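Peer 1: Quick one, query_16.txt (compact mmCIF, C-alpha atoms and all ligand atoms):
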```
# COMPACT_ATOMS: atom_id res chain seq x y z
CA MET A 1 105.30 99.46 96.38
CA LYS A 2 103.04 98.05 93.66
CA LEU A 3 101.04 96.10 96.21
CA HIS A 4 100.99 99.11 98.52
CA TYR A 5 99.69 101.43 95.80
CA GLY A 6 97.43 99.06 93.88
CA LYS A 7 95.81 97.24 96.80
CA HIS A 8 96.15 99.08 100.12
CA HIS A 9 95.72 102.55 98.65
CA GLN A 10 92.83 101.41 96.45
CA THR A 11 91.02 99.99 99.46
CA TYR A 12 90.95 103.41 101.14
CA VAL A 13 89.63 105.03 97.97
CA ASP A 14 86.87 102.43 97.60
CA LYS A 15 85.85 102.56 101.27
CA LEU A 16 85.74 106.36 101.28
CA ASN A 17 83.54 106.36 98.18
CA THR A 18 81.23 103.79 99.77
CA ALA A 19 81.01 105.79 103.01
CA LEU A 20 80.18 109.00 101.13
CA ALA A 21 77.69 107.41 98.73
CA ASP A 22 74.71 108.85 100.63
CA PHE A 23 76.36 112.25 101.20
CA PRO A 24 76.64 114.02 97.85
CA GLU A 25 77.32 117.35 99.59
CA LEU A 26 80.43 115.81 101.17
CA SER A 27 81.52 114.13 97.93
CA ALA A 28 81.52 117.58 96.34
CA LEU A 29 84.23 118.76 98.76
CA SER A 30 87.92 118.14 98.23
CA ILE A 31 89.62 115.62 100.49
CA GLU A 32 91.67 118.47 101.97
CA GLU A 33 88.49 120.37 102.88
CA LEU A 34 87.00 117.28 104.50
CA LEU A 35 90.08 116.54 106.59
CA LYS A 36 90.64 120.16 107.61
CA ASN A 37 87.08 120.38 108.92
CA LEU A 38 86.43 116.92 110.33
CA GLU A 39 84.19 118.31 113.07
CA ALA A 40 81.86 119.65 110.35
CA VAL A 41 81.41 116.16 108.88
CA PRO A 42 78.19 114.46 110.11
CA GLU A 43 78.97 112.21 113.03
CA GLU A 44 77.72 109.05 111.32
CA VAL A 45 80.46 109.25 108.68
CA ARG A 46 83.10 111.26 110.55
CA GLN A 47 85.16 108.24 111.61
CA ALA A 48 84.97 106.80 108.08
CA VAL A 49 86.20 110.08 106.60
CA ARG A 50 88.94 110.23 109.23
CA ASN A 51 90.11 106.67 108.55
CA PHE A 52 89.47 106.13 104.83
CA GLY A 53 89.71 109.78 103.78
CA GLY A 54 92.92 110.07 105.77
CA GLY A 55 94.18 106.85 104.19
CA PHE A 56 93.35 108.19 100.73
CA TYR A 57 94.98 111.58 101.28
CA ASN A 58 98.01 110.28 103.19
CA HIS A 59 98.83 107.66 100.55
CA ASN A 60 98.31 110.09 97.67
CA PHE A 61 100.71 112.42 99.43
CA PHE A 62 103.24 109.69 100.18
CA PHE A 63 103.33 108.41 96.59
CA ASP A 64 103.53 112.00 95.31
CA ILE A 65 106.72 112.86 97.21
CA ILE A 66 108.74 109.73 96.37
CA GLY A 67 110.02 108.47 93.05
CA PRO A 68 112.13 105.66 91.59
CA LYS A 69 114.80 108.08 90.34
CA VAL A 70 115.52 111.24 92.25
CA ASP A 71 117.97 113.94 91.21
CA ASN A 72 119.22 114.90 94.64
CA LEU A 73 119.18 113.33 98.11
CA VAL A 74 118.71 116.65 99.88
CA PRO A 75 116.65 119.75 99.06
CA THR A 76 118.53 122.18 96.84
CA GLY A 77 116.36 125.29 97.12
CA GLY A 78 115.11 127.51 99.92
CA LEU A 79 113.73 124.58 101.86
CA MET A 80 117.26 123.46 102.73
CA GLU A 81 117.92 126.76 104.47
CA VAL A 82 114.67 126.51 106.38
CA LEU A 83 115.48 122.94 107.47
CA GLU A 84 118.94 124.01 108.62
CA LYS A 85 117.50 126.94 110.49
CA SER A 86 114.77 124.82 112.09
CA PHE A 87 116.82 121.73 112.99
CA GLY A 88 120.44 122.91 113.02
CA SER A 89 121.45 120.86 109.97
CA PHE A 90 119.96 118.50 107.41
CA ASP A 91 121.52 115.56 109.22
CA ASN A 92 119.89 116.62 112.48
CA PHE A 93 116.56 116.93 110.71
CA LYS A 94 116.97 113.46 109.20
CA LYS A 95 117.94 111.96 112.54
CA GLU A 96 115.01 113.55 114.37
CA PHE A 97 112.58 112.56 111.61
CA THR A 98 113.90 108.99 111.65
CA ASP A 99 113.88 108.69 115.46
CA LYS A 100 110.30 109.92 115.77
CA THR A 101 109.03 107.92 112.81
CA VAL A 102 110.52 104.57 113.81
CA THR A 103 109.12 104.90 117.33
CA VAL A 104 105.50 105.36 116.22
CA PHE A 105 103.65 102.86 118.40
CA GLY A 106 101.60 100.54 116.22
CA SER A 107 100.45 101.82 112.83
CA GLY A 108 100.92 105.40 111.79
CA TRP A 109 102.94 108.02 109.99
CA GLY A 110 105.93 110.30 110.41
CA TRP A 111 105.55 113.82 109.02
CA LEU A 112 107.39 117.02 108.37
CA VAL A 113 104.78 119.75 108.58
CA LYS A 114 104.47 123.50 108.45
CA ASN A 115 102.39 124.71 111.35
CA SER A 116 99.94 127.59 111.15
CA ASP A 117 102.58 129.86 112.73
CA GLY A 118 104.90 129.06 109.79
CA GLN A 119 107.31 126.92 111.84
CA LEU A 120 108.43 123.51 110.58
CA ALA A 121 107.89 120.56 112.89
CA ILE A 122 108.30 116.79 112.88
CA VAL A 123 105.17 115.08 114.11
CA THR A 124 103.68 111.61 114.06
CA SER A 125 100.11 110.48 113.65
CA ALA A 126 98.32 107.30 114.61
CA ASN A 127 96.38 105.14 112.18
CA GLN A 128 95.41 107.30 109.17
CA ASP A 129 95.09 110.57 111.07
CA CYS A 130 96.27 113.49 108.97
CA PRO A 131 98.09 116.66 110.10
CA LEU A 132 95.58 118.68 108.04
CA SER A 133 93.03 117.91 110.76
CA ALA A 134 95.35 119.53 113.30
CA GLY A 135 95.74 122.65 111.18
CA SER A 136 99.20 121.80 109.80
CA LYS A 137 100.37 121.55 106.21
CA PRO A 138 102.10 118.26 105.31
CA LEU A 139 105.47 118.59 103.58
CA LEU A 140 106.84 115.06 103.93
CA ALA A 141 105.20 111.78 104.91
CA CYS A 142 106.54 108.34 105.75
CA ASP A 143 104.12 105.45 106.09
CA VAL A 144 105.13 103.14 108.94
CA TRP A 145 102.19 100.81 108.89
CA GLU A 146 103.59 97.28 108.73
CA HIS A 147 102.10 96.86 105.24
CA ALA A 148 104.48 99.58 104.03
CA TYR A 149 107.67 97.74 104.89
CA TYR A 150 107.09 94.24 106.21
CA LEU A 151 107.42 92.34 102.91
CA LYS A 152 110.92 93.64 102.35
CA TYR A 153 112.18 94.82 105.74
CA GLN A 154 110.20 92.68 108.23
CA ASN A 155 110.71 94.36 111.60
CA ARG A 156 113.57 96.64 110.46
CA ARG A 157 111.77 99.98 110.42
CA VAL A 158 115.02 101.95 110.65
CA GLU A 159 116.25 100.42 107.38
CA PHE A 160 112.92 101.21 105.74
CA VAL A 161 113.10 104.88 106.77
CA GLU A 162 116.72 104.99 105.59
CA ALA A 163 115.58 103.62 102.22
CA PHE A 164 112.73 106.16 102.19
CA PHE A 165 115.32 108.95 102.36
CA GLN A 166 116.89 107.56 99.16
CA VAL A 167 113.68 108.04 97.16
CA ILE A 168 112.33 111.37 98.45
CA ASP A 169 111.61 113.70 95.54
CA TRP A 170 112.91 116.88 97.18
CA ASN A 171 112.00 118.95 94.11
CA ARG A 172 108.36 117.98 94.66
CA VAL A 173 108.60 118.63 98.41
CA GLU A 174 110.06 122.04 97.66
CA GLU A 175 107.12 122.77 95.31
CA ILE A 176 104.64 121.81 98.01
CA TYR A 177 106.50 123.95 100.53
CA ASN A 178 106.34 126.93 98.17
CA THR A 179 102.62 126.69 97.40
MN MN3 B 1 100.17 102.45 103.58
```
Would you mind giving the structure from this file in structure tokens?
Ligand code: MN3
Peer 2:
Amino acid sequence: MKLHYGKHHQTYVDKLNTALADFPELSALSIEELLKNLEAVPEEVRQAVRNFGGGFYNHNFFFDIIGPKVDNLVPTGGLMEVLEKSFGSFDNFKKEFTDKTVTVFGSGWGWLVKNSDGQLAIVTSANQDCPLSAGSKPLLACDVWEHAYYLKYQNRRVEFVEAFFQVIDWNRVEEIYNT
């Protein structure tokens, strides 16, 4: 995690800043605004914003919703009801999230998102693509690039996602869901 945060995450931040150096009007926007309106970003830096901006946002999000010591392994507020309603049960949600996330082909992410119609959905994205660019609000993110798990889990992605579920800060996820 230290390597992931200090090196991989930092690289995205640095590369985004370099890419935007000649675009002060873009630097003035929040990363959310940039990713939500990728098509409005000048073509010469659009891919850089998509890759490095996505990498910056996605990692910030990922590190925000996990923690070394969590109080509860499932949501305790209204989000639990919504998950049960949307997926039948928390266990079903966890199974579907895990199945979809471990089968991401190549590098990418597994997400729980709230779509613009208010429905929850489990989606995946390739590379550093972000659900914000598809009009969805991220609620939960699991990084399944090899750099996220290979040092400790080698090819055992399922074990990594299982471990991820032990460190999700559901109180934080609930906050994000409610804002
Ligand atoms: Mn990563």
Peer 1: Counting only C-alpha atoms and all ligand atoms, which of A:Asn178, A:Asn58, A:Ser136, A:Thr18 gets nearest to ligand MN3 1 (chain B)?
Peer 2: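 Distance minimum relative to ligand MN3 1 (chain B) lands on A:Asn58.
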Peer 1: Can you work out which residues are within 10 Å of ligand MN3 1 (chain B), considering all atoms listed in the file, and then hand them over as a PyMOL selection string?
Peer 2: chain A and resi 1+3-5+7-9+12+55-56+58-60+62-63+107-109+127-128+142-149
Peer 1: Which polymer residues have any atom within 12 Å of an atom of Ala163 (chain A), counting all atoms listed in the file, with same-chain residues fewer than 5 positions away left out, as an MDAnalysis selection string?
Peer 2: chainID A and resid 66:68 73 98 142 148:149 152:153 156:158 168
Peer 1: Go through A:Val70, A:Leu26, A:Ala121, A:Gly6 one by one, measure the shortest atom-to-atom distance of each to Ala40 (chain A) using all atoms listed in the file, and give the residue with the smallest value.
Peer 2: A:Leu26
Peer 1: Using Å and a single decimal, report how far CA of Thr103 (chain A) sits from CA of Val161 (chain A).
Peer 2: 11.3 Å
Peer 1: At what distance in Å, to one decimal, does CA of Gly106 (chain A) lie from CA of Thr124 (chain A)?
Peer 2: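 Going from CA of Thr124 (chain A) over to CA of Gly106 (chain A), I get 11.5 Å.
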Peer 1: What does the structure give for the distance between CA of Ala48 (chain A) and CA of Pro138 (chain A), in Å to one decimal?
Peer 2: 20.8 Å
Peer 1: I need the residue nearest Leu20 (chain A) from this list: A:Asp91, A:Glu33, A:Glu44, A:Glu174. Use all atoms listed in the file for the distance.
Peer 2: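 Checking each of A:Asp91, A:Glu33, A:Glu44, A:Glu174 against Leu20 (chain A), counting all atoms listed in the file, the winner is A:Glu44.
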Peer 1: Just checking: using all atoms listed in the file, which residue out of A:Ile31, A:Ala19, A:Met80, A:Val13 ends up closest to Leu120 (chain A)?
Peer 2: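 Looking only at the distances to Leu120 (chain A), the closest residue turns out to be A:Met80.
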Peer 1: Using all atoms listed in the file, find the one residue out of A:Asn155, A:Asn51, A:Thr179, A:Asn17 that sits nearest to Lys114 (chain A).
Peer 2: A:Thr179
Peer 1: Determine, counting only C-alpha atoms, every residue of protein, DNA or RNA that lies within 12 Å of (118.1, 109.7, 113.1) in the file coordinates, then give the result as a PDB file with C-alpha atoms, in the frame of the given file.
Peer 2:
```pdb
ATOM      1  CA  PHE A  90     119.960 118.500 107.410  1.00  0.00           C
ATOM      2  CA  ASP A  91     121.520 115.560 109.220  1.00  0.00           C
ATOM      3  CA  ASN A  92     119.890 116.620 112.480  1.00  0.00           C
ATOM      4  CA  PHE A  93     116.560 116.930 110.710  1.00  0.00           C
ATOM      5  CA  LYS A  94     116.970 113.460 109.200  1.00  0.00           C
ATOM      6  CA  LYS A  95     117.940 111.960 112.540  1.00  0.00           C
ATOM      7  CA  GLU A  96     115.010 113.550 114.370  1.00  0.00           C
ATOM      8  CA  PHE A  97     112.580 112.560 111.610  1.00  0.00           C
ATOM      9  CA  THR A  98     113.900 108.990 111.650  1.00  0.00           C
ATOM     10  CA  ASP A  99     113.880 108.690 115.460  1.00  0.00           C
ATOM     11  CA  LYS A 100     110.300 109.920 115.770  1.00  0.00           C
ATOM     12  CA  THR A 101     109.030 107.920 112.810  1.00  0.00           C
ATOM     13  CA  VAL A 102     110.520 104.570 113.810  1.00  0.00           C
ATOM     14  CA  THR A 103     109.120 104.900 117.330  1.00  0.00           C
ATOM     15  CA  ARG A 157     111.770  99.980 110.420  1.00  0.00           C
ATOM     16  CA  VAL A 158     115.020 101.950 110.650  1.00  0.00           C
ATOM     17  CA  GLU A 159     116.250 100.420 107.380  1.00  0.00           C
ATOM     18  CA  VAL A 161     113.100 104.880 106.770  1.00  0.00           C
ATOM     19  CA  GLU A 162     116.720 104.990 105.590  1.00  0.00           C
ATOM     20  CA  PHE A 165     115.320 108.950 102.360  1.00  0.00           C
TER      21      PHE A 165
END
```
Peer 1: Using only C-alpha atoms for the distances, tell me which of A:Pro131, A:Ser116, A:Val74, A:Lys36 is nearest to Ser89 (chain A).
Peer 2: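 Checking each candidate against Ser89 (chain A), we get A:Val74 as the closest.
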